[in-house]
>>> print(open('run-v9.cif').read())   # mmCIF, C-alpha atoms
data_data
#
loop_
_atom_site.group_PDB
_atom_site.id
_atom_site.type_symbol
_atom_site.label_atom_id
_atom_site.label_comp_id
_atom_site.auth_asym_id
_atom_site.auth_seq_id
_atom_site.Cartn_x
_atom_site.Cartn_y
_atom_site.Cartn_z
ATOM 1 C CA GLU A 229 -11.717 57.212 58.004
ATOM 2 C CA SER A 230 -13.369 53.872 57.630
ATOM 3 C CA PRO A 231 -10.993 50.994 56.831
ATOM 4 C CA ARG A 232 -10.692 50.116 53.168
ATOM 5 C CA PRO A 233 -12.075 46.731 52.180
ATOM 6 C CA PRO A 234 -9.358 44.212 51.287
ATOM 7 C CA ILE A 235 -8.614 43.996 47.570
ATOM 8 C CA LEU A 236 -8.075 40.281 47.603
ATOM 9 C CA GLN A 237 -10.770 38.107 49.002
ATOM 10 C CA PRO A 238 -10.702 34.323 49.172
ATOM 11 C CA PHE A 239 -13.122 32.447 46.978
ATOM 12 C CA ALA A 240 -13.946 28.826 47.406
ATOM 13 C CA ALA A 241 -13.352 26.656 44.333
ATOM 14 C CA ALA A 242 -16.597 25.529 42.823
ATOM 15 C CA ALA A 243 -16.764 22.295 40.903
ATOM 16 C CA ILE A 244 -18.022 22.558 37.350
ATOM 17 C CA PRO A 245 -21.350 20.812 37.316
ATOM 18 C CA ILE A 246 -21.621 17.849 34.963
ATOM 19 C CA SER A 247 -24.971 17.282 33.371
ATOM 20 C CA ARG A 248 -26.677 14.084 34.376
ATOM 21 C CA PHE A 249 -27.667 11.747 31.596
ATOM 22 C CA SER A 250 -29.059 8.266 31.530
ATOM 23 C CA GLU A 251 -26.778 5.267 31.202
ATOM 24 C CA THR A 252 -28.103 4.629 27.694
ATOM 25 C CA GLU A 253 -27.259 8.167 26.615
ATOM 26 C CA ILE A 254 -23.743 7.931 28.071
ATOM 27 C CA LEU A 255 -23.128 4.590 26.304
ATOM 28 C CA ASP A 256 -24.371 6.017 23.013
ATOM 29 C CA ALA A 257 -21.982 8.956 23.374
ATOM 30 C CA LEU A 258 -19.090 6.606 24.159
ATOM 31 C CA ARG A 259 -19.829 4.623 20.998
ATOM 32 C CA GLN A 260 -19.273 7.798 18.970
ATOM 33 C CA VAL A 261 -15.604 7.599 19.938
ATOM 34 C CA GLY A 262 -15.224 3.854 19.492
ATOM 35 C CA LYS A 263 -15.633 2.892 23.143
ATOM 36 C CA LEU A 264 -17.892 -0.136 22.950
ATOM 37 C CA ARG A 265 -16.738 -1.989 26.071
ATOM 38 C CA PRO A 266 -15.734 -0.945 29.593
ATOM 39 C CA GLU A 267 -12.093 -1.837 28.858
ATOM 40 C CA ASP A 268 -12.135 0.698 26.015
ATOM 41 C CA GLU A 269 -12.566 3.483 28.558
ATOM 42 C CA LEU A 270 -8.898 4.347 29.103
ATOM 43 C CA ASN A 271 -9.577 7.486 31.197
ATOM 44 C CA CYS A 272 -6.290 8.921 29.903
ATOM 45 C CA GLY A 273 -7.352 12.539 30.362
ATOM 46 C CA GLY A 274 -6.064 13.508 26.915
ATOM 47 C CA CYS A 275 -9.400 15.129 26.113
ATOM 48 C CA GLY A 276 -9.146 17.445 29.123
ATOM 49 C CA TYR A 277 -11.823 15.687 31.169
ATOM 50 C CA GLU A 278 -11.400 13.568 34.256
ATOM 51 C CA ASN A 279 -12.538 10.348 32.626
ATOM 52 C CA CYS A 280 -14.263 8.981 29.539
ATOM 53 C CA ARG A 281 -17.745 9.223 31.040
ATOM 54 C CA ALA A 282 -17.259 12.898 31.882
ATOM 55 C CA PHE A 283 -16.156 13.384 28.285
ATOM 56 C CA ALA A 284 -19.263 11.543 27.062
ATOM 57 C CA ALA A 285 -21.444 13.888 29.141
ATOM 58 C CA ALA A 286 -19.618 16.866 27.621
ATOM 59 C CA LEU A 287 -20.358 15.448 24.169
ATOM 60 C CA LEU A 288 -24.042 15.274 25.033
ATOM 61 C CA ASP A 289 -23.892 18.817 26.399
ATOM 62 C CA GLY A 290 -22.298 20.049 23.182
ATOM 63 C CA LYS A 291 -19.172 21.161 25.052
ATOM 64 C CA ALA A 292 -16.853 18.625 23.428
ATOM 65 C CA GLU A 293 -16.246 17.015 20.034
ATOM 66 C CA PRO A 294 -15.281 13.438 19.135
ATOM 67 C CA THR A 295 -11.969 14.661 17.674
ATOM 68 C CA MET A 296 -10.884 15.603 21.209
ATOM 69 C CA CYS A 297 -10.549 11.912 22.093
ATOM 70 C CA VAL A 298 -6.872 11.105 21.507
ATOM 71 C CA SER A 299 -7.246 7.320 21.539
ATOM 72 C CA HIS A 300 -10.174 7.476 19.112
ATOM 73 C CA MET A 301 -8.247 9.640 16.642
ATOM 74 C CA ARG A 302 -5.225 7.354 16.931
ATOM 75 C CA LYS A 303 -7.365 4.335 16.059
ATOM 76 C CA LEU A 304 -8.885 6.132 13.084
ATOM 77 C CA ALA A 305 -5.425 7.083 11.821
ATOM 78 C CA GLN A 306 -4.249 3.491 12.268
ATOM 79 C CA LYS A 307 -7.219 2.144 10.318
ATOM 80 C CA LYS A 308 -6.555 4.559 7.464
ATOM 81 C CA THR A 309 -2.874 3.619 7.462
ATOM 82 C CA ASN A 310 -3.718 -0.089 7.370
ATOM 83 C CA ALA A 311 -6.155 0.426 4.500
ATOM 84 C CA LEU A 312 -3.602 2.403 2.477
ATOM 85 C CA MET A 313 -0.891 -0.200 3.114
ATOM 86 C CA GLU A 314 -3.108 -3.073 2.026
ATOM 87 C CA LYS A 315 -4.224 -1.271 -1.126
ATOM 88 C CA SER A 316 -0.656 -0.416 -2.102
ATOM 89 C CA PRO A 317 0.890 -2.620 -4.819
ATOM 90 C CA SER A 318 4.254 -2.243 -3.068
ATOM 91 C CA ALA A 319 5.523 -4.237 -0.091
ATOM 92 C CA ILE A 320 5.619 -1.976 3.005
ATOM 93 C CA VAL A 321 6.958 -2.530 6.523
ATOM 94 C CA LEU A 322 7.445 -0.304 9.578
ATOM 95 C CA VAL A 323 9.962 -1.277 12.276
ATOM 96 C CA ASP A 324 10.948 0.250 15.619
ATOM 97 C CA GLU A 325 14.385 0.861 17.134
ATOM 98 C CA GLU A 326 14.521 -2.767 18.292
ATOM 99 C CA LEU A 327 13.972 -3.952 14.703
ATOM 100 C CA GLN A 328 10.567 -5.284 15.669
ATOM 101 C CA ILE A 329 7.783 -4.963 13.140
ATOM 102 C CA ILE A 330 5.199 -2.313 13.943
ATOM 103 C CA GLU A 331 3.084 -3.008 10.869
ATOM 104 C CA CYS A 332 3.472 -4.551 7.431
ATOM 105 C CA ASN A 333 1.172 -5.376 4.545
ATOM 106 C CA HIS A 334 0.449 -8.686 2.866
ATOM 107 C CA ASN A 335 2.740 -7.902 -0.072
ATOM 108 C CA PHE A 336 5.712 -7.643 2.296
ATOM 109 C CA ALA A 337 4.978 -11.063 3.753
ATOM 110 C CA LYS A 338 4.513 -12.424 0.249
ATOM 111 C CA ILE A 339 7.980 -11.430 -0.997
ATOM 112 C CA LEU A 340 9.563 -13.174 2.003
ATOM 113 C CA GLY A 341 8.082 -16.539 1.114
ATOM 114 C CA PRO A 342 5.187 -18.884 1.893
ATOM 115 C CA ASP A 343 6.152 -19.418 5.553
ATOM 116 C CA VAL A 344 6.021 -15.700 6.363
ATOM 117 C CA GLU A 345 2.861 -15.307 4.294
ATOM 118 C CA LYS A 346 1.242 -18.085 6.310
ATOM 119 C CA ALA A 347 2.298 -16.363 9.551
ATOM 120 C CA PHE A 348 0.811 -13.094 8.271
ATOM 121 C CA LYS A 349 -2.554 -14.743 7.661
ATOM 122 C CA ALA A 350 -2.548 -16.014 11.242
ATOM 123 C CA ARG A 351 -1.298 -12.695 12.618
ATOM 124 C CA PRO A 352 -2.107 -9.789 10.245
ATOM 125 C CA GLY A 353 0.503 -7.045 10.378
ATOM 126 C CA LEU A 354 3.090 -9.288 12.114
ATOM 127 C CA GLU A 355 3.246 -6.779 14.971
ATOM 128 C CA GLY A 356 6.121 -7.514 17.364
ATOM 129 C CA VAL A 357 7.873 -10.033 15.099
ATOM 130 C CA PRO A 358 11.677 -9.423 14.980
ATOM 131 C CA LEU A 359 12.628 -8.414 11.457
ATOM 132 C CA GLN A 360 15.947 -10.280 11.632
ATOM 133 C CA GLU A 361 14.086 -13.580 12.028
ATOM 134 C CA ILE A 362 12.241 -13.320 8.718
ATOM 135 C CA ALA A 363 14.154 -10.876 6.474
ATOM 136 C CA PRO A 364 17.816 -11.466 5.489
ATOM 137 C CA PHE A 365 18.180 -7.777 4.583
ATOM 138 C CA TYR A 366 17.366 -6.530 8.109
ATOM 139 C CA SER A 367 20.862 -4.991 8.384
ATOM 140 C CA LEU A 368 19.767 -2.241 5.959
ATOM 141 C CA PHE A 369 17.108 -1.162 8.450
ATOM 142 C CA LYS A 370 19.649 -1.237 11.272
ATOM 143 C CA THR A 371 21.949 1.010 9.243
ATOM 144 C CA VAL A 372 19.190 3.583 8.737
ATOM 145 C CA LEU A 373 18.247 3.415 12.426
ATOM 146 C CA ASP A 374 21.829 3.837 13.619
ATOM 147 C CA LYS A 375 23.074 6.422 11.125
ATOM 148 C CA GLY A 376 19.810 8.175 10.300
ATOM 149 C CA GLU A 377 20.714 8.174 6.594
ATOM 150 C CA ASP A 378 18.057 6.971 4.157
ATOM 151 C CA ILE A 379 18.689 4.244 1.590
ATOM 152 C CA LEU A 380 16.831 5.214 -1.581
ATOM 153 C CA ASN A 381 16.521 3.946 -5.159
ATOM 154 C CA ARG A 382 18.549 0.823 -4.577
ATOM 155 C CA ASP A 383 18.144 -2.603 -6.166
ATOM 156 C CA LEU A 384 18.509 -5.730 -4.054
ATOM 157 C CA ARG A 385 18.633 -9.341 -5.187
ATOM 158 C CA HIS A 386 16.474 -11.532 -2.941
ATOM 159 C CA LYS A 387 16.219 -15.235 -3.788
ATOM 160 C CA LYS A 388 15.036 -15.347 -7.412
ATOM 161 C CA THR A 389 13.762 -11.787 -7.478
ATOM 162 C CA VAL A 390 15.168 -8.289 -7.807
ATOM 163 C CA LEU A 391 13.692 -5.756 -5.396
ATOM 164 C CA HIS A 392 13.771 -1.988 -5.786
ATOM 165 C CA ILE A 393 13.973 -0.625 -2.238
ATOM 166 C CA ASP A 394 13.512 2.642 -0.367
ATOM 167 C CA ILE A 395 14.259 2.604 3.381
ATOM 168 C CA PHE A 396 13.831 5.869 5.272
ATOM 169 C CA SER A 397 13.264 7.302 8.744
ATOM 170 C CA VAL A 398 9.757 8.134 9.905
ATOM 171 C CA GLU A 399 11.034 9.106 13.358
ATOM 172 C CA LYS A 400 14.815 9.409 13.271
ATOM 173 C CA ASN A 401 16.521 6.581 15.188
ATOM 174 C CA HIS A 402 13.131 5.263 16.315
ATOM 175 C CA VAL A 403 10.861 4.260 13.415
ATOM 176 C CA VAL A 404 11.948 3.232 9.916
ATOM 177 C CA CYS A 405 9.798 2.447 6.888
ATOM 178 C CA GLY A 406 10.766 0.164 4.037
ATOM 179 C CA ILE A 407 9.051 0.100 0.633
ATOM 180 C CA PHE A 408 9.862 -2.728 -1.767
ATOM 181 C CA GLN A 409 8.872 -3.260 -5.402
ATOM 182 C CA ASP A 410 9.453 -6.526 -7.223
ATOM 183 C CA ILE A 411 10.963 -5.421 -10.545
ATOM 184 C CA THR A 412 11.558 -8.999 -11.698
ATOM 185 C CA LYS A 413 7.971 -9.554 -12.787
ATOM 186 C CA PRO A 414 7.818 -6.502 -15.068
ATOM 187 C CA THR A 415 11.036 -7.762 -16.695
ATOM 188 C CA ILE A 416 9.440 -11.139 -17.322
ATOM 189 C CA HIS A 417 6.350 -9.455 -18.771
ATOM 190 C CA LYS A 418 8.565 -7.304 -20.972
ATOM 191 C CA GLU A 419 10.382 -10.356 -22.332
ATOM 192 C CA ALA A 420 7.061 -12.088 -22.990
ATOM 193 C CA MET A 421 5.831 -9.023 -24.863
ATOM 194 C CA ILE A 422 9.006 -8.993 -26.964
ATOM 195 C CA HIS A 423 8.562 -12.668 -27.874
ATOM 196 C CA LYS A 424 4.918 -12.039 -28.709
ATOM 197 C CA ALA A 425 5.835 -9.098 -30.905
ATOM 198 C CA GLN A 426 8.447 -11.200 -32.675
ATOM 199 C CA ASP A 427 5.847 -13.902 -33.359
ATOM 200 C CA VAL A 428 3.453 -11.318 -34.794
ATOM 201 C CA ILE A 429 6.188 -9.889 -37.024
ATOM 202 C CA LYS A 430 7.105 -13.392 -38.233
ATOM 203 C CA LYS A 431 3.491 -14.209 -39.062
ATOM 204 C CA ASN A 432 3.082 -10.898 -40.870
ATOM 205 C CA LEU A 433 6.165 -11.605 -42.957
ATOM 206 C CA GLU A 434 4.828 -15.060 -43.840
ATOM 207 C CA THR A 435 1.514 -13.513 -44.869
ATOM 208 C CA VAL A 436 3.263 -10.920 -47.028
ATOM 209 C CA GLN A 437 5.326 -13.659 -48.660
ATOM 210 C CA GLN A 438 2.174 -15.695 -49.360
ATOM 211 C CA ILE A 439 0.472 -12.653 -50.850
ATOM 212 C CA ALA A 440 3.509 -11.943 -53.018
ATOM 213 C CA TYR A 441 3.574 -15.564 -54.150
ATOM 214 C CA LEU A 442 -0.141 -15.558 -54.964
ATOM 215 C CA LEU A 443 0.158 -12.283 -56.844
ATOM 216 C CA GLY A 444 3.085 -13.635 -58.816
ATOM 217 C CA GLU A 445 1.258 -16.882 -59.576
ATOM 218 C CA ASN A 446 -1.851 -15.019 -60.715
ATOM 219 C CA ALA A 447 0.280 -12.787 -62.874
ATOM 220 C CA ALA A 448 1.855 -15.787 -64.573
ATOM 221 C CA GLU A 449 -1.539 -17.388 -65.156
ATOM 222 C CA SER A 450 -2.902 -14.124 -66.544
ATOM 223 C CA GLU A 451 0.039 -13.870 -68.905
ATOM 224 C CA VAL A 452 -0.628 -17.404 -70.233
ATOM 225 C CA ILE A 453 -4.323 -16.653 -70.759
ATOM 226 C CA LEU A 454 -3.634 -13.379 -72.506
ATOM 227 C CA ASN A 455 -1.077 -14.984 -74.806
ATOM 228 C CA SER A 456 -3.591 -17.689 -75.693
ATOM 229 C CA ILE A 457 -6.199 -15.072 -76.549
ATOM 230 C CA ILE A 458 -3.722 -13.145 -78.676
ATOM 231 C CA GLN A 459 -2.733 -16.279 -80.493
ATOM 232 C CA SER A 460 -6.356 -17.266 -81.114
ATOM 233 C CA ILE A 461 -7.080 -13.863 -82.598
ATOM 234 C CA THR A 462 -3.972 -13.466 -84.708
ATOM 235 C CA LYS A 463 -3.665 -17.030 -85.987
ATOM 236 C CA PRO A 464 -6.259 -16.833 -88.842
ATOM 237 C CA GLU A 465 -4.734 -13.637 -90.086
ATOM 238 C CA LEU A 466 -1.331 -15.225 -90.162
ATOM 239 C CA GLU A 467 -2.732 -18.161 -92.112
#
>>> encode(input="run-v9.cif", output="structure tokens")
Amino acid sequence: ESPRPPILQPFAAAAIPISRFSETEILDALRQVGKLRPEDELNCGGCGYENCRAFAAALLDGKAEPTMCVSHMRKLAQKKTNALMEKSPSAIVLVDEELQIIECNHNFAKILGPDVEKAFKARPGLEGVPLQEIAPFYSLFKTVLDKGEDILNRDLRHKKTVLHIDIFSVEKNHVVCGIFQDITKPTIHKEAMIHKAQDVIKKNLETVQQIAYLLGENAAESEVILNSIIQSITKPELE
């Protein structure tokens, strides 16, 4: 009998060929994922390719999609988060386990005073700033970080304002978010509306009184005129 051929045979690994594209085409593909400069090419391998240029070639080949770029998707998510925070009427801040600010919006800087607001304009987001250096209520964040228990629906007096606060864990013991609403201003507006309403009521009462007076005066005058007419008519007959 002839010897049986071996079942397992060695095969040499063959590299997957990468399509060759011009430098302009590669750069255009890199721009699709927000890589505009050489330093933007992190070559992290999160997309499954060896480096960013190999990923760009795969994009051009139709073998990859922009959403596969982890750093690009992270930047997009960050931009959306920033936009939502800035559009929010509330004051919002995110801090890490070291009580350093990850991100905050302008309204948060505003409630802390003009100095912090000025710092925010010079450094939007205040990333890396220790919360304890600018916010006297930083201990509330530390409590949530240490215990992992949220602080919700609580009112806090800060300077001349009253803040309604919600502080909760985004990543337990690592990232905490604080949302603040200044409820002093609505109170002031409410009081102003009450005073305005009282003024309107007072003016209405004065108008009603004037109308009543005028009606009464006209009635008296009418009575005098009518009596004169009656007298003028009945006088000859009486004579």
>>> resolve_selection(input="run-v9.cif", expression="the PyMOL selection byres ((chain A and resi 293) around 12)", output="list in words")
Ala257, Leu258, Gln260, Val261, Cys275, Gly276, Phe283, Ala284, Ala285, Ala286, Leu287, Leu288, Asp289, Gly290, Lys291, Ala292, Pro294, Thr295, Met296, Cys297, Val298, His300 and Met301 of chain A
>>> resolve_selection(input="run-v9.cif", expression="the PyMOL selection byres ((chain A and resi 384-389) around 8)", output="number ranges by chain")
A: 382-383, 390-393, 410-412
>>> closest_residue(input="run-v9.cif", among="A:Pro358, A:Gly341, A:Gly406, A:Gly262", to="Lys303 (chain A)", atoms="all atoms listed in the file")
A:Gly262
>>> resolve_selection(input="run-v9.cif", expression="the PyMOL selection byres ((chain A and resi 310) around 12)", output="PyMOL selection string")
chain A and resi 303-309+311-316+320-322+330-334+352-353
>>> atom_distance(input="run-v9.cif", atom1="CA of Ile329 (chain A)", atom2="CA of Leu359 (chain A)")
6.2 Å
>>> atom_distance(input="run-v9.cif", atom1="CA of Val404 (chain A)", atom2="CA of Val323 (chain A)")
5.5 Å
>>> residues_near_point(input="run-v9.cif", point="(17.5, 4.3, 15.4)", cutoff="12 Å", atoms="only C-alpha atoms", output="list in words")
Val323, Asp324, Glu325, Glu326, Leu327, Gln328, Leu368, Phe369, Lys370, Thr371, Val372, Leu373, Asp374, Lys375, Gly376, Glu377, Asp378, Phe396, Ser397, Val398, Glu399, Lys400, Asn401, His402, Val403, Val404 and Cys405 of chain A
>>> write_last_selection(input="run-v9.cif", atoms="C-alpha atoms", output="PDB file, keeping the file's coordinate frame")
ATOM      1  CA  VAL A 323       9.962  -1.277  12.276  1.00  0.00           C
ATOM      2  CA  ASP A 324      10.948   0.250  15.619  1.00  0.00           C
ATOM      3  CA  GLU A 325      14.385   0.861  17.134  1.00  0.00           C
ATOM      4  CA  GLU A 326      14.521  -2.767  18.292  1.00  0.00           C
ATOM      5  CA  LEU A 327      13.972  -3.952  14.703  1.00  0.00           C
ATOM      6  CA  GLN A 328      10.567  -5.284  15.669  1.00  0.00           C
ATOM      7  CA  LEU A 368      19.767  -2.241   5.959  1.00  0.00           C
ATOM      8  CA  PHE A 369      17.108  -1.162   8.450  1.00  0.00           C
ATOM      9  CA  LYS A 370      19.649  -1.237  11.272  1.00  0.00           C
ATOM     10  CA  THR A 371      21.949   1.010   9.243  1.00  0.00           C
ATOM     11  CA  VAL A 372      19.190   3.583   8.737  1.00  0.00           C
ATOM     12  CA  LEU A 373      18.247   3.415  12.426  1.00  0.00           C
ATOM     13  CA  ASP A 374      21.829   3.837  13.619  1.00  0.00           C
ATOM     14  CA  LYS A 375      23.074   6.422  11.125  1.00  0.00           C
ATOM     15  CA  GLY A 376      19.810   8.175  10.300  1.00  0.00           C
ATOM     16  CA  GLU A 377      20.714   8.174   6.594  1.00  0.00           C
ATOM     17  CA  ASP A 378      18.057   6.971   4.157  1.00  0.00           C
ATOM     18  CA  PHE A 396      13.831   5.869   5.272  1.00  0.00           C
ATOM     19  CA  SER A 397      13.264   7.302   8.744  1.00  0.00           C
ATOM     20  CA  VAL A 398       9.757   8.134   9.905  1.00  0.00           C
ATOM     21  CA  GLU A 399      11.034   9.106  13.358  1.00  0.00           C
ATOM     22  CA  LYS A 400      14.815   9.409  13.271  1.00  0.00           C
ATOM     23  CA  ASN A 401      16.521   6.581  15.188  1.00  0.00           C
ATOM     24  CA  HIS A 402      13.131   5.263  16.315  1.00  0.00           C
ATOM     25  CA  VAL A 403      10.861   4.260  13.415  1.00  0.00           C
ATOM     26  CA  VAL A 404      11.948   3.232   9.916  1.00  0.00           C
ATOM     27  CA  CYS A 405       9.798   2.447   6.888  1.00  0.00           C
TER      28      CYS A 405
END
>>> atom_distance(input="run-v9.cif", atom1="CA of Ser367 (chain A)", atom2="CA of Lys349 (chain A)")
25.4 Å
>>> axis_aligned_box(input="run-v9.cif", around="region 318-331 of chain A", padding_each_side="8 Å", output="AutoDock Vina command-line options")
--center_x 8.8 --center_y -2.2 --center_z 7.6 --size_x 27.4 --size_y 22.1 --size_z 37.4
>>> residues_near_point(input="run-v9.cif", point="(-22.0, 0.5, 24.2)", cutoff="12 Å", atoms="all atoms listed in the file", output="list in words")
Glu251, Thr252, Glu253, Ile254, Leu255, Asp256, Ala257, Leu258, Arg259, Gln260, Val261, Gly262, Lys263, Leu264, Arg265, Pro266, Glu267, Asp268, Glu269, Arg281 and Ala284 of chain A
>>> write_last_selection(input="run-v9.cif", atoms="C-alpha atoms", output="mmCIF file, in the frame of the given file")
data_model
loop_
_atom_site.group_PDB
_atom_site.id
_atom_site.type_symbol
_atom_site.label_atom_id
_atom_site.label_comp_id
_atom_site.auth_asym_id
_atom_site.auth_seq_id
_atom_site.Cartn_x
_atom_site.Cartn_y
_atom_site.Cartn_z
ATOM 1 C CA GLU A 251 -26.778 5.267 31.202
ATOM 2 C CA THR A 252 -28.103 4.629 27.694
ATOM 3 C CA GLU A 253 -27.259 8.167 26.615
ATOM 4 C CA ILE A 254 -23.743 7.931 28.071
ATOM 5 C CA LEU A 255 -23.128 4.590 26.304
ATOM 6 C CA ASP A 256 -24.371 6.017 23.013
ATOM 7 C CA ALA A 257 -21.982 8.956 23.374
ATOM 8 C CA LEU A 258 -19.090 6.606 24.159
ATOM 9 C CA ARG A 259 -19.829 4.623 20.998
ATOM 10 C CA GLN A 260 -19.273 7.798 18.970
ATOM 11 C CA VAL A 261 -15.604 7.599 19.938
ATOM 12 C CA GLY A 262 -15.224 3.854 19.492
ATOM 13 C CA LYS A 263 -15.633 2.892 23.143
ATOM 14 C CA LEU A 264 -17.892 -0.136 22.950
ATOM 15 C CA ARG A 265 -16.738 -1.989 26.071
ATOM 16 C CA PRO A 266 -15.734 -0.945 29.593
ATOM 17 C CA GLU A 267 -12.093 -1.837 28.858
ATOM 18 C CA ASP A 268 -12.135 0.698 26.015
ATOM 19 C CA GLU A 269 -12.566 3.483 28.558
ATOM 20 C CA ARG A 281 -17.745 9.223 31.040
ATOM 21 C CA ALA A 284 -19.263 11.543 27.062
#
